[in-house]
>>> print(open('my_file06.tsv').read())   # TSV, C-alpha atoms
chain	number	residue	atom	x	y	z
A	149	MET	CA	145.27	-268.83	-59.40
A	150	GLN	CA	142.22	-270.23	-61.16
A	151	LEU	CA	138.93	-269.25	-59.51
A	152	HIS	CA	135.94	-271.50	-60.21
A	153	ILE	CA	132.38	-270.28	-59.66
A	154	VAL	CA	130.35	-273.20	-58.30
A	155	LEU	CA	126.53	-273.24	-58.25
A	156	VAL	CA	124.91	-275.92	-56.11
A	157	ALA	CA	121.61	-277.27	-57.42
A	158	PRO	CA	120.36	-274.09	-59.15
A	159	ALA	CA	116.67	-274.50	-59.96
A	160	ARG	CA	116.02	-271.58	-62.33
A	161	PRO	CA	117.83	-271.49	-65.68
A	162	GLU	CA	117.45	-267.70	-65.74
A	163	ASN	CA	119.64	-267.49	-62.64
A	164	VAL	CA	122.31	-269.63	-64.24
A	165	GLY	CA	122.24	-267.43	-67.34
A	166	ALA	CA	122.55	-264.31	-65.20
A	167	ALA	CA	125.48	-265.85	-63.35
A	168	ALA	CA	127.22	-266.68	-66.64
A	169	ARG	CA	126.66	-263.15	-67.90
A	170	ALA	CA	128.10	-261.67	-64.71
A	171	MET	CA	131.14	-263.92	-65.00
A	172	LYS	CA	131.77	-262.99	-68.63
A	173	THR	CA	131.41	-259.28	-67.87
A	174	MET	CA	134.01	-259.42	-65.11
A	175	GLY	CA	136.48	-261.77	-66.77
A	176	PHE	CA	135.76	-265.10	-65.07
A	177	THR	CA	135.49	-268.21	-67.23
A	178	SER	CA	135.12	-271.39	-65.14
A	179	LEU	CA	131.59	-272.35	-64.09
A	180	ARG	CA	130.86	-275.60	-62.24
A	181	ILE	CA	127.33	-276.80	-61.51
A	182	VAL	CA	126.31	-279.40	-58.95
A	183	ASP	CA	123.21	-281.58	-59.23
A	184	SER	CA	121.39	-279.56	-61.90
A	185	GLU	CA	120.88	-279.31	-65.64
A	186	ALA	CA	119.34	-275.84	-65.53
A	187	HIS	CA	122.15	-274.50	-67.74
A	188	LEU	CA	120.89	-276.68	-70.60
A	189	GLN	CA	117.50	-274.96	-70.70
A	190	PRO	CA	116.90	-272.31	-73.42
A	191	ALA	CA	116.10	-269.68	-70.79
A	192	ALA	CA	119.64	-269.87	-69.44
A	193	ARG	CA	121.11	-268.96	-72.83
A	194	TRP	CA	118.57	-266.19	-73.41
A	195	VAL	CA	119.56	-264.47	-70.17
A	196	ALA	CA	123.29	-265.17	-70.63
A	197	HIS	CA	123.17	-262.89	-73.69
A	198	GLY	CA	126.66	-263.14	-75.15
A	199	ALA	CA	128.09	-265.42	-72.49
A	200	GLY	CA	127.18	-268.64	-74.28
A	201	GLU	CA	130.76	-269.89	-74.11
A	202	ILE	CA	130.52	-269.91	-70.30
A	203	LEU	CA	127.47	-272.18	-70.52
A	204	ASP	CA	129.13	-274.33	-73.18
A	205	GLY	CA	132.10	-274.88	-70.88
A	206	VAL	CA	130.11	-275.78	-67.76
A	207	GLN	CA	131.48	-278.72	-65.79
A	208	THR	CA	128.82	-280.73	-63.97
A	209	PHE	CA	129.13	-282.82	-60.82
A	210	ALA	CA	126.80	-284.99	-58.77
A	211	THR	CA	127.98	-283.61	-55.41
A	212	LEU	CA	129.77	-280.54	-54.12
A	213	GLU	CA	132.53	-282.73	-52.74
A	214	GLN	CA	133.23	-284.01	-56.25
A	215	ALA	CA	133.20	-280.47	-57.65
A	216	LEU	CA	135.87	-279.48	-55.12
A	217	ALA	CA	138.09	-282.54	-55.52
A	218	ASP	CA	140.88	-280.59	-57.29
A	219	VAL	CA	140.39	-277.33	-55.37
A	220	ASP	CA	142.99	-276.10	-52.86
A	221	PHE	CA	140.95	-273.32	-51.22
A	222	THR	CA	137.16	-273.10	-50.99
A	223	VAL	CA	135.00	-270.12	-50.05
A	224	ALA	CA	131.28	-270.63	-49.46
A	225	THR	CA	128.67	-267.90	-49.56
A	226	THR	CA	125.95	-267.88	-46.94
A	227	ALA	CA	123.37	-265.59	-45.36
A	228	ARG	CA	122.70	-267.97	-42.48
A	229	SER	CA	123.68	-266.53	-39.10
A	230	ARG	CA	123.41	-269.95	-37.45
A	231	ALA	CA	125.80	-271.75	-39.76
A	232	ARG	CA	128.23	-274.08	-38.02
A	233	PHE	CA	131.25	-271.89	-38.71
A	234	HIS	CA	131.19	-268.27	-37.66
A	235	TYR	CA	134.25	-266.79	-39.33
A	236	TYR	CA	132.86	-264.58	-42.08
A	237	CYS	CA	134.44	-262.09	-44.42
A	238	THR	CA	132.76	-259.46	-46.57
A	239	PRO	CA	133.38	-259.33	-50.35
A	240	PRO	CA	136.12	-256.65	-49.97
A	241	GLN	CA	137.79	-258.73	-47.26
A	242	LEU	CA	137.54	-261.77	-49.50
A	243	LEU	CA	139.46	-259.91	-52.20
A	244	GLU	CA	142.26	-259.37	-49.69
A	245	GLN	CA	142.22	-263.05	-48.70
A	246	LEU	CA	142.40	-264.29	-52.29
A	247	THR	CA	144.99	-261.73	-53.35
A	248	GLU	CA	147.30	-262.95	-50.58
A	249	ARG	CA	146.79	-266.55	-51.75
A	250	ARG	CA	147.51	-265.97	-55.42
A	251	GLU	CA	151.07	-267.22	-55.16
A	252	TRP	CA	150.44	-270.35	-53.09
A	253	VAL	CA	146.96	-271.53	-54.13
A	254	ASN	CA	146.51	-272.93	-57.63
A	255	GLN	CA	142.80	-273.77	-57.65
A	256	ALA	CA	140.18	-271.83	-55.67
A	257	ALA	CA	136.39	-272.05	-55.67
A	258	LEU	CA	133.59	-269.67	-54.72
A	259	VAL	CA	130.44	-271.66	-53.93
A	260	PHE	CA	126.85	-270.42	-54.14
A	261	GLY	CA	123.95	-272.38	-52.66
A	262	ARG	CA	120.39	-273.15	-53.68
A	263	GLU	CA	118.02	-270.28	-54.39
A	264	ASP	CA	115.56	-271.31	-51.66
A	265	SER	CA	117.74	-272.82	-48.93
A	266	GLY	CA	121.39	-272.06	-49.61
A	267	LEU	CA	124.03	-274.59	-48.58
A	268	THR	CA	123.59	-277.30	-45.97
A	269	ASN	CA	125.82	-277.44	-42.88
A	270	GLU	CA	127.53	-280.46	-44.42
A	271	GLU	CA	128.31	-278.46	-47.56
A	272	LEU	CA	129.48	-275.46	-45.55
A	273	ALA	CA	131.85	-277.78	-43.70
A	274	LEU	CA	133.70	-278.36	-46.98
A	275	ALA	CA	134.68	-274.68	-47.13
A	276	ASP	CA	137.84	-273.09	-45.78
A	277	LEU	CA	136.19	-269.71	-45.38
A	278	LEU	CA	132.67	-268.29	-45.34
A	279	THR	CA	131.57	-265.02	-46.86
A	280	GLY	CA	128.37	-263.02	-46.89
A	281	VAL	CA	127.09	-259.72	-48.25
A	282	PRO	CA	126.08	-257.28	-45.47
A	283	MET	CA	122.58	-255.96	-46.15
A	284	GLN	CA	120.38	-253.42	-44.45
A	285	ALA	CA	117.01	-254.55	-45.83
A	286	ASP	CA	114.39	-256.12	-43.60
A	287	TYR	CA	114.47	-259.14	-45.91
A	288	PRO	CA	118.22	-259.74	-46.44
A	289	SER	CA	118.26	-261.71	-49.66
A	290	LEU	CA	119.89	-261.52	-53.08
A	291	ASN	CA	118.86	-263.78	-55.90
A	292	LEU	CA	121.53	-266.07	-57.31
A	293	GLY	CA	122.34	-263.95	-60.34
A	294	GLN	CA	122.69	-260.80	-58.20
A	295	ALA	CA	124.93	-262.57	-55.70
A	296	VAL	CA	127.28	-263.84	-58.40
A	297	MET	CA	127.43	-260.35	-59.90
A	298	VAL	CA	128.33	-258.76	-56.54
A	299	TYR	CA	131.23	-261.15	-56.02
A	300	CYS	CA	132.46	-261.12	-59.61
A	301	TYR	CA	132.49	-257.32	-59.54
A	302	GLN	CA	134.33	-257.24	-56.23
A	303	LEU	CA	136.87	-259.89	-57.26
A	304	ALA	CA	137.43	-258.68	-60.83
A	305	GLU	CA	140.72	-257.15	-59.71
A	306	LEU	CA	142.08	-260.68	-59.36
A	307	MET	CA	141.79	-261.12	-63.12
A	308	GLN	CA	143.81	-257.96	-63.76
A	309	ILE	CA	146.82	-258.79	-61.61
A	310	GLY	CA	149.77	-260.16	-63.54
A	311	ALA	CA	151.07	-263.67	-62.93
A	312	PRO	CA	153.49	-263.97	-59.99
A	313	GLN	CA	157.16	-263.81	-60.92
A	314	GLU	CA	158.36	-266.10	-58.16
A	315	PRO	CA	157.68	-269.86	-58.16
A	316	SER	CA	154.49	-270.62	-56.28
A	317	ALA	CA	154.55	-272.38	-52.96
A	318	ASN	CA	153.14	-275.85	-52.46
A	319	ALA	CA	149.44	-275.43	-53.17
A	320	GLY	CA	148.56	-278.43	-50.98
A	321	GLN	CA	150.01	-277.05	-47.77
A	322	LEU	CA	146.66	-275.93	-46.32
A	323	ASN	CA	145.12	-279.38	-46.76
A	324	ALA	CA	148.28	-280.95	-45.33
A	325	LEU	CA	148.03	-278.63	-42.35
A	326	ARG	CA	144.43	-279.70	-41.75
A	327	GLN	CA	145.48	-283.35	-41.77
A	328	ARG	CA	148.30	-282.69	-39.32
A	329	ALA	CA	145.95	-280.79	-37.02
A	330	GLU	CA	143.43	-283.63	-37.13
A	331	GLY	CA	146.22	-286.05	-36.31
A	332	LEU	CA	147.25	-283.94	-33.34
A	333	LEU	CA	143.70	-283.81	-31.99
A	334	SER	CA	143.54	-287.58	-32.28
A	335	ALA	CA	146.89	-288.02	-30.53
A	336	LEU	CA	145.68	-285.78	-27.70
A	337	GLY	CA	142.44	-287.75	-27.41
A	338	VAL	CA	140.17	-284.78	-28.17
A	339	SER	CA	139.13	-285.58	-31.73
A	340	ASP	CA	135.52	-286.06	-30.57
A	341	ASP	CA	135.31	-282.43	-29.42
A	342	GLN	CA	133.27	-281.13	-32.35
A	343	LYS	CA	133.26	-277.53	-31.16
A	344	LEU	CA	137.07	-277.51	-31.02
A	345	ARG	CA	137.38	-279.19	-34.41
A	346	ASP	CA	134.97	-276.69	-36.00
A	347	TRP	CA	136.86	-273.76	-34.50
A	348	LEU	CA	140.18	-275.11	-35.71
A	349	HIS	CA	138.79	-275.77	-39.21
A	350	GLN	CA	137.51	-272.26	-39.76
A	351	ARG	CA	140.56	-270.55	-38.23
A	352	LEU	CA	142.99	-272.48	-40.42
A	353	GLY	CA	141.13	-271.26	-43.49
A	354	ALA	CA	141.89	-267.64	-42.57
A	355	LEU	CA	145.66	-268.09	-42.23
A	356	GLN	CA	148.08	-266.43	-44.61
A	357	GLN	CA	150.94	-268.40	-46.14
A	358	ARG	CA	153.58	-267.28	-43.64
A	359	ASP	CA	151.33	-268.28	-40.73
A	360	THR	CA	150.59	-271.61	-42.40
A	361	ALA	CA	154.28	-272.36	-42.81
A	362	MET	CA	155.03	-271.42	-39.18
A	363	LEU	CA	152.19	-273.60	-37.91
A	364	HIS	CA	153.53	-276.52	-39.97
A	365	THR	CA	156.86	-276.06	-38.17
A	366	LEU	CA	155.16	-275.91	-34.77
A	367	LEU	CA	153.09	-279.03	-35.42
A	368	HIS	CA	156.21	-280.84	-36.63
A	369	ASP	CA	157.95	-280.05	-33.33
A	370	ILE	CA	154.89	-281.14	-31.33
A	371	GLU	CA	154.68	-284.41	-33.28
A	372	LYS	CA	158.35	-285.14	-32.56
A	373	LYS	CA	157.80	-284.49	-28.86
A	374	LEU	CA	154.74	-286.75	-28.72
A	375	THR	CA	156.53	-289.65	-30.40
A	376	LYS	CA	159.44	-289.68	-27.96
>>> encode(input="my_file06.tsv", output="structure tokens")
Amino acid sequence: MQLHIVLVAPARPENVGAAARAMKTMGFTSLRIVDSEAHLQPAARWVAHGAGEILDGVQTFATLEQALADVDFTVATTARSRARFHYYCTPPQLLEQLTERREWVNQAALVFGREDSGLTNEELALADLLTGVPMQADYPSLNLGQAVMVYCYQLAELMQIGAPQEPSANAGQLNALRQRAEGLLSALGVSDDQKLRDWLHQRLGALQQRDTAMLHTLLHDIEKKLTK
């Protein structure tokens, strides 16, 4: 599984450099940046200190949706308690989630938001899972570089696990499951129930492969029944 670190509209080149340095230290190589050229500023390279190849290999995109076009599983970081989706996992729990998906997800992304405002609700809606760092401070905030370091440290184990010996499952099955679920909601005439759709979206993102496969089977049987 390839894990991409995605920074959305970073404003400070020092933060981008710190993120690149954290990635290099922990073995991650793919950095994607949305709506920013901060990585091109000299300050980014000064702070990166030995991680220049990460900055040289940055892929840039105009929107987060474009940055995730080839991604099978997306995790978004947030500190907002009032975000639309309320299924959160801590960094250790995220390691468990990604470890389970290694053999059936080819491309994954971990998305970090803007330094001042994080990710919008529309951007959070693109994620399969949300994650946050529990903090005890009165002002619960990490800067971008610190946040990337926390996650890269926690997820570094992913880079040390050998490649799976068995053929991987269909990496598109989660997206296909979402489409089938949307089709079922439409067939039942409840597709305008936003609360239900949001709940379904975030719960599907937490499923393991076996559960995903079983739900595909269930939806297939329901579809057959509805078309009779």
>>> residues_around(input="my_file06.tsv", residues="A:Val296", least_positions_apart="3", cutoff="12 Å", atoms="only C-alpha atoms", output="ChimeraX atom specification")
/A:152-155,163-174,176,179,224-225,239,258-261,263,280-281,290-293,299-304
>>> closest_residue(input="my_file06.tsv", among="A:Ile181, A:Leu336, A:Leu363, A:Val253", to="A:Gly205", atoms="all atoms listed in the file")
A:Ile181
>>> atom_distance(input="my_file06.tsv", atom1="atom CA of A:Arg180", atom2="atom CA of A:Ala215")
7.1 Å
>>> closest_residue(input="my_file06.tsv", among="A:Thr226, A:Ala191, A:Glu305, A:Leu272", to="A:Pro240", atoms="all atoms listed in the file")
A:Glu305
>>> atom_distance(input="my_file06.tsv", atom1="atom CA of A:Leu188", atom2="atom CA of A:Glu270")
27.3 Å
>>> residues_around(input="my_file06.tsv", residues="A:Ala210", least_positions_apart="6", cutoff="9 Å", atoms="all atoms listed in the file", output="PyMOL selection string")
chain A and resi 181-184
>>> atom_distance(input="my_file06.tsv", atom1="atom CA of A:Gln294", atom2="atom CA of A:Leu306")
19.4 Å
>>> residues_around(input="my_file06.tsv", residues="A:Ala159", least_positions_apart="2", cutoff="7 Å", atoms="all atoms listed in the file", output="ChimeraX atom specification")
/A:157,161,186
